[in-house]
Amino acid sequence: WPLKFEAAPWYANVQSTLWTVLILTAIFSFSFSENWRERLIRIGSGDVDSILHDGQWWRLVTALTLHTDPPHLLGNMMMGGLLMVWLCSLLGTGLGWWTALLSGILGNLINAMTHGEAHSSIGSSTAVFGALGVIIALQTLTARHLSFKDRAVPLGAGLALLGFLGT
């Protein structure tokens, strides 16, 4: 203790992360097709009743892939892309993406458990905010000094960013 992570240079993870974001954007945009949009949302959204009472746990994952419209998708991919480059520079590409995915799944589960049964959610915002939370935690835990200021600055900056993004 404290944890020691050797951050990789930004450029080491930029290309693989941006390609992943572009591929995911292309795949996720498939849901904007007139023929598929309603059907995909009906079977894949984070519908609380379906998740908690019908045992449709896959919705915790599929809800991450569905978006209301192109601006919603673009916003998630742009902010998510920047945060993923940062997260992957801290953890490595594979672990960074798995961490974001798992945090999105857990975020959707917490969302389902805290909202009423009539609630349904879509979008990868939970994964984006999860990535930001992991970055905040890593930056706080790996501060060079143990002083309150060195620990509080990354935490305060992360919370301010969360507030700015509308959490």
# chains A, B, ... in the order shown; residues from 1 in each chain; ligands from 1
$ select_by_dssp --residues "region 91-166 of chain A" --states "helix (DSSP H, G or I)" --output "PyMOL selection string"
chain A and resi 91+93-114+125-141+148-164
$ residues_around --residues "region 33-48 of chain A" --least-positions-apart "2" --cutoff "10 Å" --atoms "only C-alpha atoms" --output "count of residues only"
37
$ closest_atom_pairs --of "region 58-160 of chain A" --to "region 13-19 of chain A" --cutoff "8 Å" --atoms "only C-alpha atoms" --output "JSON lines"
{"residue": "A:Gly81", "atom": "CA", "partner": "A:Leu18", "partner_atom": "CA", "distance": 6.5}
{"residue": "A:Met84", "atom": "CA", "partner": "A:Thr17", "partner_atom": "CA", "distance": 6.7}
{"residue": "A:Val85", "atom": "CA", "partner": "A:Val14", "partner_atom": "CA", "distance": 5.6}
{"residue": "A:Cys88", "atom": "CA", "partner": "A:Asn13", "partner_atom": "CA", "distance": 6.2}
{"residue": "A:Ser89", "atom": "CA", "partner": "A:Asn13", "partner_atom": "CA", "distance": 6.0}
{"residue": "A:Gly92", "atom": "CA", "partner": "A:Asn13", "partner_atom": "CA", "distance": 7.4}
{"residue": "A:Thr93", "atom": "CA", "partner": "A:Asn13", "partner_atom": "CA", "distance": 6.4}
$ residues_around --residues "Gly75 (chain A)" --least-positions-apart "2" --cutoff "12 Å" --atoms "only C-alpha atoms" --output "VMD selection string"
chain A and resid 21 25 67 to 73 77 to 82 123 to 125 128 165
